[in-house]
Every structure is written in C-alpha cells, then in structure tokens.
file query_20.txt (compact mmCIF, C-alpha atoms and all ligand atoms)
# COMPACT_ATOMS: atom_id res chain seq x y z
CA MET A 927 -2.28 -51.75 40.45
CA ALA A 928 -5.59 -51.18 42.28
CA MET A 929 -7.81 -54.26 42.44
CA ASP A 930 -11.52 -54.10 41.62
CA PRO A 931 -13.78 -54.93 44.56
CA PRO A 932 -15.09 -58.52 44.45
CA PRO A 933 -18.30 -58.87 42.39
CA ALA A 934 -21.61 -58.58 44.27
CA PRO A 935 -23.53 -61.86 44.58
CA GLY A 936 -25.57 -62.55 41.46
CA ALA A 937 -23.34 -60.49 39.15
CA ARG A 938 -22.00 -62.35 36.09
CA THR A 939 -18.26 -62.28 35.82
CA SER A 940 -16.97 -64.44 33.01
CA VAL A 941 -19.21 -64.23 29.92
CA PRO A 942 -18.28 -61.25 27.70
CA THR A 943 -21.08 -58.77 27.09
CA GLU A 944 -22.53 -58.95 23.57
CA ARG A 945 -22.63 -55.75 21.48
CA LEU A 946 -26.00 -55.67 19.71
CA VAL A 947 -26.92 -53.55 16.68
CA GLY A 948 -29.87 -52.85 14.41
CA HIS A 949 -33.23 -54.61 14.20
CA ASP A 950 -31.66 -57.99 14.91
CA GLY A 951 -30.02 -56.44 17.98
CA VAL A 952 -33.38 -55.28 19.34
CA GLU A 953 -34.78 -58.81 18.83
CA ARG A 954 -31.84 -60.40 20.67
CA ALA A 955 -32.10 -57.84 23.46
CA ALA A 956 -35.83 -58.59 23.81
CA THR A 957 -35.12 -62.33 24.06
CA ALA A 958 -32.47 -61.73 26.74
CA LEU A 959 -34.77 -59.44 28.77
CA LEU A 960 -37.62 -61.99 28.57
CA ARG A 961 -35.18 -64.60 29.94
CA GLY A 962 -34.51 -62.29 32.92
CA GLU A 963 -31.13 -60.99 31.74
CA LEU A 964 -29.83 -57.40 31.77
CA VAL A 965 -29.24 -55.33 28.64
CA ALA A 966 -27.88 -51.77 28.41
CA VAL A 967 -29.94 -49.60 26.06
CA PRO A 968 -29.40 -46.12 24.58
CA THR A 969 -31.78 -43.29 25.48
CA GLU A 970 -31.64 -39.63 24.47
CA THR A 971 -30.05 -38.77 27.86
CA VAL A 972 -27.58 -41.54 28.81
CA TYR A 973 -27.42 -45.34 28.40
CA GLY A 974 -29.71 -47.22 30.81
CA LEU A 975 -29.20 -50.70 32.31
CA ALA A 976 -32.54 -52.37 31.64
CA ALA A 977 -34.48 -55.27 33.16
CA ARG A 978 -38.19 -56.04 32.80
CA ALA A 979 -39.87 -53.93 35.50
CA PHE A 980 -42.23 -56.78 36.45
CA ASP A 981 -39.39 -59.31 36.93
CA PRO A 982 -38.18 -58.70 40.53
CA GLU A 983 -35.19 -61.08 40.26
CA ALA A 984 -33.93 -59.37 37.12
CA VAL A 985 -34.40 -55.94 38.74
CA GLN A 986 -32.47 -57.17 41.79
CA ALA A 987 -29.62 -58.17 39.46
CA ILE A 988 -29.35 -54.52 38.29
CA PHE A 989 -28.31 -53.51 41.81
CA ALA A 990 -25.70 -56.28 41.90
CA ALA A 991 -24.25 -55.51 38.45
CA LYS A 992 -23.89 -51.78 39.22
CA GLY A 993 -22.94 -52.10 42.89
CA ARG A 994 -25.89 -49.76 43.55
CA PRO A 995 -27.06 -49.08 47.14
CA ALA A 996 -30.26 -51.10 47.70
CA ASP A 997 -32.18 -48.05 48.97
CA ASN A 998 -31.82 -46.01 45.76
CA PRO A 999 -34.95 -46.56 43.60
CA LEU A 1000 -35.03 -47.02 39.80
CA ILE A 1001 -36.89 -45.28 36.97
CA VAL A 1002 -39.49 -47.32 35.04
CA HIS A 1003 -39.39 -46.52 31.31
CA VAL A 1004 -42.71 -46.68 29.46
CA ASP A 1005 -43.86 -46.11 25.91
CA GLY A 1006 -46.27 -43.33 26.90
CA GLY A 1007 -48.93 -45.33 28.80
CA VAL A 1008 -48.59 -45.60 32.59
CA GLU A 1009 -51.40 -48.12 33.27
CA GLY A 1010 -50.29 -50.82 35.69
CA VAL A 1011 -47.21 -48.80 36.70
CA VAL A 1012 -48.70 -45.67 38.30
CA GLU A 1013 -51.56 -45.96 40.80
CA ALA A 1014 -52.94 -42.40 40.45
CA TRP A 1015 -52.16 -40.13 37.49
CA SER A 1016 -52.83 -36.52 38.52
CA THR A 1017 -53.76 -33.64 36.21
CA THR A 1018 -50.30 -32.18 37.00
CA ALA A 1019 -48.59 -35.39 35.87
CA GLN A 1020 -50.74 -35.44 32.75
CA ALA A 1021 -49.91 -31.81 31.90
CA LEU A 1022 -46.17 -32.40 32.30
CA ALA A 1023 -46.22 -35.65 30.32
CA LYS A 1024 -48.20 -33.96 27.54
CA ALA A 1025 -45.65 -31.13 27.37
CA PHE A 1026 -42.40 -33.11 27.66
CA TRP A 1027 -42.92 -36.79 26.73
CA PRO A 1028 -41.31 -38.47 24.99
CA GLY A 1029 -38.33 -36.72 26.54
CA PRO A 1030 -35.94 -36.20 29.45
CA LEU A 1031 -38.52 -35.76 32.23
CA THR A 1032 -39.08 -38.31 35.04
CA LEU A 1033 -42.22 -38.09 37.18
CA VAL A 1034 -42.37 -39.55 40.72
CA CYS A 1035 -45.96 -40.80 41.21
CA PRO A 1036 -47.91 -43.14 43.52
CA ARG A 1037 -46.78 -46.72 42.75
CA HIS A 1038 -49.19 -49.32 41.34
CA PRO A 1039 -49.34 -52.46 43.53
CA SER A 1040 -48.23 -54.64 40.59
CA VAL A 1041 -44.81 -52.92 40.44
CA PRO A 1042 -42.35 -55.02 42.51
CA ASP A 1043 -41.02 -53.44 45.75
CA VAL A 1044 -37.41 -53.79 44.59
CA VAL A 1045 -37.99 -51.33 41.70
CA SER A 1046 -38.84 -48.53 44.13
CA ALA A 1047 -36.56 -49.70 46.96
CA GLY A 1048 -39.73 -50.32 48.99
CA ARG A 1049 -41.15 -46.81 48.55
CA PRO A 1050 -44.85 -46.15 47.93
CA THR A 1051 -43.88 -44.10 44.84
CA VAL A 1052 -42.51 -45.00 41.40
CA ALA A 1053 -40.51 -42.85 38.98
CA VAL A 1054 -41.70 -43.05 35.34
CA ARG A 1055 -40.37 -41.66 32.10
CA CYS A 1056 -41.13 -42.08 28.38
CA PRO A 1057 -37.72 -41.77 26.67
CA ASP A 1058 -37.27 -40.13 23.28
CA HIS A 1059 -35.20 -42.82 21.59
CA PRO A 1060 -36.42 -45.19 18.85
CA ILE A 1061 -34.36 -48.20 20.04
CA MET A 1062 -35.48 -47.95 23.67
CA ARG A 1063 -39.10 -47.44 22.66
CA ALA A 1064 -39.04 -50.38 20.22
CA LEU A 1065 -37.77 -52.56 23.05
CA ILE A 1066 -40.46 -51.36 25.49
CA ARG A 1067 -43.16 -52.08 22.89
CA ARG A 1068 -41.72 -55.59 22.51
CA VAL A 1069 -41.29 -56.56 26.22
CA GLY A 1070 -43.21 -53.99 28.33
CA PRO A 1071 -42.01 -51.39 30.87
CA LEU A 1072 -38.27 -51.43 31.64
CA ALA A 1073 -36.66 -50.54 34.97
CA ALA A 1074 -33.34 -48.84 34.15
CA PRO A 1075 -30.83 -46.73 36.04
CA SER A 1076 -27.87 -45.23 34.20
CA ALA A 1077 -25.62 -48.07 32.93
CA ASN A 1078 -22.46 -47.15 34.88
CA ARG A 1079 -20.79 -48.77 37.88
CA SER A 1080 -22.28 -46.98 40.89
CA GLY A 1081 -20.56 -43.64 41.59
CA ARG A 1082 -19.00 -43.29 38.10
CA PRO A 1083 -19.99 -40.83 35.36
CA SER A 1084 -23.03 -41.99 33.39
CA PRO A 1085 -22.26 -43.67 30.03
CA THR A 1086 -23.08 -41.83 26.82
CA THR A 1087 -21.66 -44.45 24.41
CA ALA A 1088 -21.71 -48.26 24.22
CA GLU A 1089 -17.92 -48.20 24.83
CA HIS A 1090 -18.49 -46.43 28.17
CA VAL A 1091 -20.99 -49.15 29.16
CA LEU A 1092 -18.54 -51.93 28.26
CA HIS A 1093 -15.74 -50.19 30.18
CA ASP A 1094 -17.84 -50.35 33.36
CA LEU A 1095 -19.95 -53.51 32.93
CA ASP A 1096 -18.32 -55.93 30.43
CA GLY A 1097 -18.89 -59.47 31.67
CA ARG A 1098 -21.54 -58.36 34.16
CA ILE A 1099 -24.49 -57.95 31.76
CA ALA A 1100 -25.79 -59.96 28.78
CA GLY A 1101 -25.59 -57.23 26.15
CA VAL A 1102 -25.43 -53.61 25.13
CA LEU A 1103 -27.54 -52.24 22.28
CA ASP A 1104 -25.27 -49.83 20.44
CA GLY A 1105 -27.17 -46.72 19.33
CA GLY A 1106 -24.15 -44.42 19.05
CA PRO A 1107 -23.59 -41.40 21.32
CA CYS A 1108 -26.57 -40.05 23.34
CA ALA A 1109 -27.86 -36.67 22.13
CA GLU A 1110 -28.50 -34.99 25.52
CA GLY A 1111 -25.57 -36.45 27.45
CA LEU A 1112 -27.06 -35.68 30.90
CA GLU A 1113 -29.76 -37.51 32.90
CA SER A 1114 -33.44 -36.52 32.95
CA THR A 1115 -35.01 -33.88 35.18
CA VAL A 1116 -36.75 -35.68 38.10
CA VAL A 1117 -39.97 -34.10 39.47
CA ASP A 1118 -41.97 -35.44 42.42
CA VAL A 1119 -45.63 -34.83 41.55
CA THR A 1120 -47.03 -36.46 44.71
CA SER A 1121 -46.79 -33.16 46.62
CA THR A 1122 -48.42 -29.75 46.08
CA PRO A 1123 -46.67 -27.92 44.61
CA PRO A 1124 -44.51 -30.55 42.87
CA MET A 1125 -40.78 -30.61 43.66
CA VAL A 1126 -37.73 -30.88 41.41
CA LEU A 1127 -35.48 -33.59 42.92
CA ARG A 1128 -32.79 -33.61 40.20
CA PRO A 1129 -32.18 -30.85 37.60
CA GLY A 1130 -31.77 -31.81 33.93
CA THR A 1131 -32.03 -30.35 30.45
CA ILE A 1132 -35.72 -29.56 30.99
CA THR A 1133 -35.33 -26.40 33.06
CA ILE A 1134 -37.30 -25.17 36.06
CA ALA A 1135 -38.52 -22.23 33.94
CA GLN A 1136 -39.92 -24.68 31.34
CA LEU A 1137 -41.71 -26.65 34.09
CA ARG A 1138 -43.16 -23.43 35.58
CA ASP A 1139 -44.51 -22.45 32.16
CA VAL A 1140 -46.64 -25.62 32.20
CA ILE A 1141 -47.77 -26.01 35.83
CA GLY A 1142 -47.18 -22.63 37.46
CA SER A 1143 -45.63 -23.11 40.87
CA ILE A 1144 -42.94 -25.70 41.60
CA ASP A 1145 -40.54 -26.24 44.53
CA VAL A 1146 -36.86 -27.09 44.14
CA HIS A 1147 -35.16 -29.53 46.49
CA PRO A 1148 -32.24 -27.81 48.33
CA SER A 1149 -29.76 -30.42 47.00
CA VAL A 1150 -30.44 -29.17 43.45
CA LEU A 1151 -28.93 -25.74 44.11
CA ALA A 1152 -26.00 -26.53 46.39
CA PRO A 1153 -24.46 -29.56 48.12
CA VAL A 1154 -26.32 -30.37 51.35
CA ASP A 1155 -24.92 -32.47 54.21
CA ASP A 1156 -28.18 -33.89 55.41
CA VAL A 1157 -30.30 -35.04 52.48
CA ASP A 1158 -33.89 -35.83 53.44
CA ALA A 1159 -35.76 -38.95 52.34
CA ARG A 1160 -37.44 -37.34 49.33
CA ALA A 1161 -34.30 -37.31 47.18
CA PRO A 1162 -32.71 -40.72 47.88
CA GLY A 1163 -30.29 -40.44 44.94
CA MET A 1164 -28.66 -37.29 46.31
CA ARG A 1165 -27.16 -39.10 49.30
CA TYR A 1166 -24.45 -40.87 47.37
CA ARG A 1167 -21.18 -40.09 45.63
CA HIS A 1168 -22.01 -39.65 41.96
CA TYR A 1169 -20.64 -38.91 38.51
CA SER A 1170 -17.05 -39.23 39.78
CA PRO A 1171 -14.11 -40.01 37.50
CA ASP A 1172 -10.83 -41.39 38.93
CA ALA A 1173 -9.35 -37.88 38.70
CA GLU A 1174 -9.93 -35.32 41.45
CA VAL A 1175 -12.50 -32.76 40.28
CA VAL A 1176 -12.38 -29.05 41.20
CA LEU A 1177 -15.07 -26.52 40.27
CA LEU A 1178 -14.18 -22.81 40.14
CA GLU A 1179 -17.11 -20.40 39.96
CA GLY A 1180 -17.42 -16.66 39.29
CA PRO A 1181 -16.46 -14.24 36.52
CA GLU A 1182 -12.69 -14.97 36.54
CA SER A 1183 -13.05 -18.74 36.93
CA GLY A 1184 -12.33 -19.61 33.28
CA GLU A 1185 -8.99 -17.79 33.38
CA LEU A 1186 -8.15 -19.22 36.83
CA ALA A 1187 -8.86 -22.75 35.59
CA ARG A 1188 -6.58 -22.23 32.56
CA ARG A 1189 -3.83 -21.06 34.89
CA ALA A 1190 -4.36 -24.02 37.25
CA ALA A 1191 -3.70 -26.33 34.29
CA GLU A 1192 -0.09 -25.14 34.16
CA ARG A 1193 0.51 -27.47 37.13
CA ALA A 1194 1.68 -30.99 36.22
CA GLY A 1195 -1.07 -33.61 36.13
CA THR A 1196 -3.79 -30.96 35.94
CA HIS A 1197 -6.18 -30.39 33.02
CA ALA A 1198 -8.69 -27.54 32.66
CA VAL A 1199 -12.18 -27.73 31.15
CA VAL A 1200 -13.62 -24.29 30.41
CA VAL A 1201 -16.46 -22.58 28.57
CA GLY A 1202 -15.40 -19.79 26.21
CA GLY A 1203 -12.10 -18.41 24.92
CA GLY A 1204 -9.49 -19.80 22.55
CA ALA A 1205 -7.88 -23.23 22.53
CA SER A 1206 -4.88 -23.67 24.79
CA VAL A 1207 -2.50 -26.33 26.08
CA ARG A 1208 -3.90 -28.77 28.69
CA THR A 1209 -7.29 -27.05 28.46
CA THR A 1210 -10.44 -28.35 26.75
CA VAL A 1211 -12.56 -25.42 25.55
CA PHE A 1212 -16.32 -25.63 24.89
CA PRO A 1213 -18.10 -22.81 23.00
CA ASP A 1214 -21.03 -22.64 25.45
CA GLY A 1215 -22.60 -24.33 28.48
CA GLY A 1216 -24.83 -26.58 26.35
CA ALA A 1217 -21.85 -28.02 24.48
CA LEU A 1218 -20.11 -28.89 27.77
CA ARG A 1219 -23.34 -30.32 29.19
CA ARG A 1220 -23.70 -32.72 26.25
CA ALA A 1221 -20.02 -33.75 26.40
CA LEU A 1222 -19.38 -33.70 30.18
CA TYR A 1223 -19.39 -37.43 30.93
CA ALA A 1224 -17.48 -38.37 27.78
CA GLU A 1225 -14.85 -35.74 28.66
CA LEU A 1226 -14.49 -36.99 32.27
CA ARG A 1227 -13.99 -40.53 30.98
CA ARG A 1228 -11.56 -39.38 28.25
CA LEU A 1229 -9.38 -37.54 30.80
CA ASP A 1230 -9.35 -40.65 33.03
CA GLN A 1231 -8.05 -42.67 30.07
CA LEU A 1232 -5.23 -40.12 29.71
CA GLY A 1233 -4.34 -40.61 33.38
CA ILE A 1234 -5.04 -36.97 34.36
CA ALA A 1235 -4.86 -36.57 38.17
CA ARG A 1236 -6.85 -33.35 38.58
CA ILE A 1237 -9.57 -31.70 36.45
CA VAL A 1238 -10.36 -28.02 37.07
CA PHE A 1239 -13.64 -26.63 35.67
CA GLY A 1240 -14.21 -22.89 35.12
CA GLY A 1241 -16.20 -20.31 33.16
CA ILE A 1242 -19.52 -22.17 33.38
CA PRO A 1243 -22.56 -19.86 33.07
CA GLY A 1244 -24.60 -19.71 36.31
CA GLU A 1245 -27.84 -20.63 34.51
CA GLU A 1246 -26.42 -24.12 33.69
CA LEU A 1247 -28.07 -25.52 36.83
CA ALA A 1248 -28.00 -29.21 35.84
CA LEU A 1249 -24.40 -29.07 34.60
CA LEU A 1250 -23.19 -27.28 37.76
CA ASN A 1251 -25.14 -29.77 39.92
CA ARG A 1252 -23.33 -32.74 38.32
CA ILE A 1253 -19.86 -31.14 38.53
CA ARG A 1254 -20.42 -30.21 42.20
CA LYS A 1255 -21.40 -33.82 42.92
CA ALA A 1256 -18.37 -35.12 41.00
CA ALA A 1257 -16.20 -32.75 43.05
CA GLY A 1258 -17.68 -34.30 46.22
O1 LIG B 1301 -32.07 -39.86 32.04
C1 LIG B 1301 -32.25 -40.67 32.96
O2 LIG B 1301 -33.00 -40.41 33.92
C2 LIG B 1301 -31.50 -42.00 32.91
C3 LIG B 1301 -32.00 -42.77 31.70
C4 LIG B 1301 -31.43 -44.16 31.62
O3 LIG B 1301 -33.40 -42.82 31.72
N1 LIG B 1301 -31.69 -42.75 34.11
C5 LIG B 1301 -31.11 -42.41 35.29
O4 LIG B 1301 -31.38 -43.30 36.32
O5 LIG B 1301 -30.41 -41.42 35.44
P1 LIG B 1301 -30.61 -43.27 37.72
O6 LIG B 1301 -31.08 -44.47 38.44
O7 LIG B 1301 -29.17 -43.13 37.49
O8 LIG B 1301 -31.21 -41.99 38.43
C6 LIG B 1301 -32.56 -42.01 38.86
C7 LIG B 1301 -32.78 -40.94 39.89
C8 LIG B 1301 -32.03 -41.23 41.17
O9 LIG B 1301 -31.57 -40.00 41.72
C9 LIG B 1301 -33.14 -41.84 42.06
O10 LIG B 1301 -32.89 -41.65 43.44
C10 LIG B 1301 -34.36 -41.05 41.60
O11 LIG B 1301 -34.19 -40.91 40.21
N2 LIG B 1301 -35.61 -41.81 41.86
C11 LIG B 1301 -36.04 -42.96 41.27
N3 LIG B 1301 -37.19 -43.38 41.81
C12 LIG B 1301 -37.53 -42.47 42.76
C13 LIG B 1301 -38.62 -42.35 43.68
N4 LIG B 1301 -39.59 -43.27 43.72
N5 LIG B 1301 -38.62 -41.29 44.53
C14 LIG B 1301 -37.62 -40.35 44.48
N6 LIG B 1301 -36.56 -40.41 43.64
C15 LIG B 1301 -36.51 -41.46 42.79
MG MG B 1302 -27.22 -42.83 37.75
call {"tool": "encode", "arguments": {"input": "query_20.txt", "output": "structure tokens", "more": "lines below"}}
Ligand code: TXA
Ligand code: MG
result
Amino acid sequence: MAMDPPPAPGARTSVPTERLVGHDGVERAATALLRGELVAVPTETVYGLAARAFDPEAVQAIFAAKGRPADNPLIVHVDGGVEGVVEAWSTTAQALAKAFWPGPLTLVCPRHPSVPDVVSAGRPTVAVRCPDHPIMRALIRRVGPLAAPSANRSGRPSPTTAEHVLHDLDGRIAGVLDGGPCAEGLESTVVDVTSTPPMVLRPGTITIAQLRDVIGSIDVHPSVLAPVDDVDARAPGMRYRHYSPDAEVVLLEGPESGELARRAAERAGTHAVVVGGGASVRTTVFPDGGALRRALYAELRRLDQLGIARIVFGGIPGEELALLNRIRKAAG
C-alpha cells in the first residue's frame, strides 16, 4: 500500500476534524477561527479551507495542511466591502463586482498594506471575492475577511461536499462546516484587474462573454485556452499539477470523441465520462456540459473510490471553456 508523505511542519495529525452544522456550527467555527485554527467552509463553487486573513500564522498553516506550494497566493473572501483588503479599487473592479457579486468571480487588485505577505505569497496584489453562500457570509460577518483556497490536498480535485474535505484533510484541520453539496461545483473565474485591459487568469462559470458585456475588452491568459509549458508570473496557480484524481485522465476532443470514449471503456480498468447519448456499461453519461461541470470533481472522486485506473472524457462541447481547462489540467 502506498504511504502518505509525512505531514508538513505545523499540520495537525492526531485530532479528528469536527463536522459542524447549523447556527451552532457557525458559532463554533467562528470561535475556532478566532483562536487561529483552520475550518473548511462551503461556498457556491467548492469548499474553501479558511483562516482569518489578518492572522499570518493561521494563513501559514493553510499551506502546511494542504501541502500547497508557498508561492501560490490565496483568495481573500469578503462580505462585499473591500476596505482594508484592497489598496485601490478601480472603476473596472467596481463594475465587475456590481455585476457578479456575490458570486463566482475573483478580482486580482492592488494589495492593502494591512494584508499579511503570506496571503499573497509576497505579491503586491491580492485576490478578492464575495461568495454567494449564506454560511460563508455569516462567518465572514462574524470574524472578518477569510483567506481560503479550495479545501483539498494540493493537486487533488477540489471538494464539493464535506465528505470530500474529510477524505483529504481529516485530522489536519479543526473542523468542516457541512453545507451539503456545492451548487456550482467548479472554482471561480479569476480576473486580474490591475492591467488594461484586464486579463482572465482562470476560467470559471462566469464566462468571458459575460465579462465582456460589462467591461468591453478583456484579455485571456494563454494557459486558459490550452496547456502551456512556460507559465509566466501573472498566473502563479497554473504552474502546478491540479485537479488530479489517482486515476489516469484522458481527454478526447472533436465530433466523434463521445463515441470514441465509450469504445475506450471496453478496455479493462477504463471508465468513460461523456456528454450526450444513452446510458451504457462503464460509461457515465451527462445530459449537457453544465451537468458535467457541476458534477466533475465528485465524479473524479467517485471513480477513484471504485479503483478505476483510467478515465476517458469525450463529447464535451467546445464552449465549455472552464470544464475543458480543468480536465486538461487533470490529464497533465
Ligand atoms: O471558487 C473559488 O475560487 C474557490 C472558493 C473556495 O472560493 N477558491 C479557490 O482557491 O479555488 P484556490 O486557492 O484553489 O485558487 C485560487 C487561484 C489560484 O490559481 C491562485 O494562483 C490565484 O487564484 N490567485 C490568488 N491570488 C492571486 C494573485 N494575487 N495574483 C494572481 N493569481 C492569484
Ligand atoms: Mg485549488
């Protein structure tokens, strides 16, 4: 049996993680966060692993618990207001926030000096987002802005249920607030608004067309559209292995790819995940791209539990930019 790597310094190893629910759960989570502990919290996209943004030691512990590379910055979650987090709030940032907050849009802005270096991995910018989830927002109102990456072990698919969080982080964090499955299932769209025009660094459910409708012109980082070997410093998160289950992932593209994926699943140990067509053996069928997007991470984790060696994706509509981006990254 494969051994887990030894825990990073600072990570808790022995105390089981508490599952927290309801109003009492939010209170207990707030107490833990104020003590400098880590709590996983549901958002509308995926579960986040939260620490108080203004507590540098707690934020440092996020990196240890996840095994996250120290140079990959975190998103600060706010309840709408960005005072004391963002140094300069441009009219572009304001227009985007007005259109899409609360919601799955993260804005990279100039960092306020009171935000600890560790949050932004030493960068002069800070990523901010106002999530559309009552539990997360209640917690922010109670304890202030929360730094939170996705609550998975680094490199793994993001968690969309409390069970996924516990699978990856049980014993390493104080608690998980259980809010049931996340509605969106995929991480937020990340837009750098410090440049003119702004640049999409990570695609998400808010599409480039929706962003253009609000601010006119917008650039798209090359890593959004296709894998790039040499990722520049603007998109630090794109440098690393991401969203990967234990199984090998293969993405087939083009008009025949759904049928080819189904056929590939005739091989032992292989399972197909396709959009469109009827149910078949060793193939999971989703009615459309949106349904697969919402279920992607849960499906990757489910197939790992079944011990599937190889997952072949096919039939995904080309306009599903965010979904294709995540599967390409998972395929490595
Ligand atoms: O939906 C989401 O965004 C979820 C929920 C929990 O809010 N969070 C999430 O966080 O996906 P994480 O850490 O897994 O991804 C954050 C992405 C990474 O690609 C990171 O490199 C990028 O945002 N990022 C954060 N701060 C940045 C900055 N200052 N400049 C450029 N990219 C930044
Ligand atoms: Mg992540």
call {"tool": "residues_near_ligand", "arguments": {"input": "query_20.txt", "ligand": "ligand MG 1302 (chain B)", "cutoff": "8 Å", "atoms": "only C-alpha atoms and all ligand atoms", "output": "PyMOL selection string"}}
result
chain A and resi 1075-1078+1080-1081+1083-1084+1113+1168-1169
call {"tool": "atom_distance", "arguments": {"input": "query_20.txt", "atom1": "atom CA of His1197 of chain A", "atom2": "atom CA of Ala1221 of chain A"}}
result
15.7 Å
call {"tool": "residues_around", "arguments": {"input": "query_20.txt", "residues": "Leu1218 of chain A", "least_positions_apart": "2", "cutoff": "9 Å", "atoms": "all atoms listed in the file", "output": "PyMOL selection string"}}
result
chain A and resi 1199-1201+1211-1216+1220-1222+1225+1242+1249
call {"tool": "closest_residue", "arguments": {"input": "query_20.txt", "among": "A:Gly1233, A:Pro1153, A:Pro1057, A:Pro1123", "to": "Pro1030 of chain A", "atoms": "only C-alpha atoms"}}
result
A:Pro1057
call {"tool": "atom_distance", "arguments": {"input": "query_20.txt", "atom1": "atom N4 of ligand LIG 1301 (chain B)", "atom2": "atom CA of Leu1072 of chain A"}}
result
14.6 Å
call {"tool": "residues_near_ligand", "arguments": {"input": "query_20.txt", "ligand": "ligand LIG 1301 (chain B)", "cutoff": "6 Å", "atoms": "only C-alpha atoms and all ligand atoms", "output": "list in words"}}
result
Thr971, Val972, Tyr973, Gly974, Asn998, Pro999, Leu1000, Ile1001, Pro1030, Val1034, Ser1046, Thr1051, Val1052, Ala1053, Ala1074, Pro1075, Ser1076, Glu1113, Ser1114, Arg1160, Ala1161, Pro1162 and Gly1163 of chain A
call {"tool": "atom_distance", "arguments": {"input": "query_20.txt", "atom1": "atom CA of Thr1115 of chain A", "atom2": "atom CA of His1059 of chain A"}}
result
16.3 Å
call {"tool": "closest_residue", "arguments": {"input": "query_20.txt", "among": "A:Asp1230, A:Asp950, A:Asp1172, A:Glu1110", "to": "Ala1248 of chain A", "atoms": "all atoms listed in the file"}}
result
A:Glu1110
call {"tool": "closest_residue", "arguments": {"input": "query_20.txt", "among": "A:Ala1021, A:Pro1028, A:Ala1217, A:Thr1196", "to": "Ile1141 of chain A", "atoms": "all atoms listed in the file"}}
result
A:Ala1021
call {"tool": "closest_residue", "arguments": {"input": "query_20.txt", "among": "A:Pro1060, A:Pro1036, A:Pro1124, A:Gly1048", "to": "Asp997 of chain A", "atoms": "all atoms listed in the file"}}
result
A:Gly1048
call {"tool": "residues_near_point", "arguments": {"input": "query_20.txt", "point": "(-5.7, -26.0, 27.1)", "cutoff": "12 Å", "atoms": "all atoms listed in the file", "output": "VMD selection string"}}
result
chain A and resid 1184 to 1185 1187 to 1193 1196 to 1212 1237 to 1239
call {"tool": "axis_aligned_box", "arguments": {"input": "query_20.txt", "around": "segment 1127-1140 of chain A", "padding_each_side": "3 Å", "output": "JSON"}}
result
{"center_x": -39.2, "center_y": -27.9, "center_z": 36.7, "size_x": 20.9, "size_y": 17.4, "size_z": 18.5}
call {"tool": "residues_around", "arguments": {"input": "query_20.txt", "residues": "Asp1145 of chain A", "least_positions_apart": "6", "cutoff": "12 Å", "atoms": "all atoms listed in the file", "output": "PyMOL selection string"}}
result
chain A and resi 1117-1119+1121-1129+1134-1135+1137-1138+1151
call {"tool": "closest_residue", "arguments": {"input": "query_20.txt", "among": "A:Leu1065, A:Leu1186, A:Ala979, A:Cys1056", "to": "Asp1043 of chain A", "atoms": "all atoms listed in the file"}}
result
A:Ala979
call {"tool": "closest_residue", "arguments": {"input": "query_20.txt", "among": "A:Glu1089, A:Ala1023, A:Gly1006, A:Ala1100", "to": "Ala984 of chain A", "atoms": "all atoms listed in the file"}}
result
A:Ala1100
call {"tool": "residues_around", "arguments": {"input": "query_20.txt", "residues": "segment 962-966 of chain A", "least_positions_apart": "2", "cutoff": "6 Å", "atoms": "all atoms listed in the file", "output": "PyMOL selection string"}}
result
chain A and resi 958-960+974-977+984+1099-1102
call {"tool": "decode", "arguments": {"input": "query_20.txt", "residues": "segment 1133-1145 of chain A", "atoms": "N, CA, C and O atoms", "output": "short mmCIF file (atom, residue, chain, number, x, y, z; two decimals), in the first residue's frame"}}
result
data_model
loop_
_atom_site.label_atom_id
_atom_site.label_comp_id
_atom_site.auth_asym_id
_atom_site.auth_seq_id
_atom_site.Cartn_x
_atom_site.Cartn_y
_atom_site.Cartn_z
N THR A 1133 -18.56 33.49 -17.72
CA THR A 1133 -17.84 33.31 -18.99
C THR A 1133 -17.18 34.61 -19.44
O THR A 1133 -17.51 35.71 -18.97
N ILE A 1134 -16.26 34.48 -20.41
CA ILE A 1134 -15.58 35.63 -20.97
C ILE A 1134 -16.59 36.55 -21.66
O ILE A 1134 -16.49 37.77 -21.57
N ALA A 1135 -17.59 35.96 -22.31
CA ALA A 1135 -18.63 36.77 -22.96
C ALA A 1135 -19.39 37.61 -21.92
O ALA A 1135 -19.67 38.79 -22.15
N GLN A 1136 -19.69 37.03 -20.76
CA GLN A 1136 -20.39 37.78 -19.70
C GLN A 1136 -19.53 38.94 -19.20
O GLN A 1136 -20.02 40.02 -18.91
N LEU A 1137 -18.21 38.70 -19.07
CA LEU A 1137 -17.30 39.75 -18.59
C LEU A 1137 -17.22 40.87 -19.63
O LEU A 1137 -17.27 42.06 -19.29
N ARG A 1138 -17.13 40.48 -20.91
CA ARG A 1138 -17.06 41.49 -22.00
C ARG A 1138 -18.31 42.36 -22.03
O ARG A 1138 -18.24 43.55 -22.30
N ASP A 1139 -19.46 41.76 -21.74
CA ASP A 1139 -20.71 42.53 -21.72
C ASP A 1139 -20.64 43.68 -20.71
O ASP A 1139 -21.27 44.71 -20.89
N VAL A 1140 -19.87 43.49 -19.64
CA VAL A 1140 -19.80 44.51 -18.58
C VAL A 1140 -18.68 45.51 -18.83
O VAL A 1140 -18.87 46.72 -18.67
N ILE A 1141 -17.50 45.04 -19.22
CA ILE A 1141 -16.35 45.97 -19.29
C ILE A 1141 -15.76 46.13 -20.69
O ILE A 1141 -14.73 46.79 -20.85
N GLY A 1142 -16.40 45.54 -21.70
CA GLY A 1142 -15.87 45.70 -23.05
C GLY A 1142 -14.69 44.79 -23.29
O GLY A 1142 -14.85 43.58 -23.30
N SER A 1143 -13.49 45.35 -23.41
CA SER A 1143 -12.37 44.49 -23.81
C SER A 1143 -11.75 43.78 -22.62
O SER A 1143 -11.69 44.31 -21.49
N ILE A 1144 -11.29 42.55 -22.86
CA ILE A 1144 -10.63 41.76 -21.82
C ILE A 1144 -9.67 40.79 -22.49
O ILE A 1144 -9.97 40.25 -23.56
N ASP A 1145 -8.48 40.61 -21.90
CA ASP A 1145 -7.51 39.64 -22.43
C ASP A 1145 -7.72 38.29 -21.75
O ASP A 1145 -8.30 38.23 -20.66
#
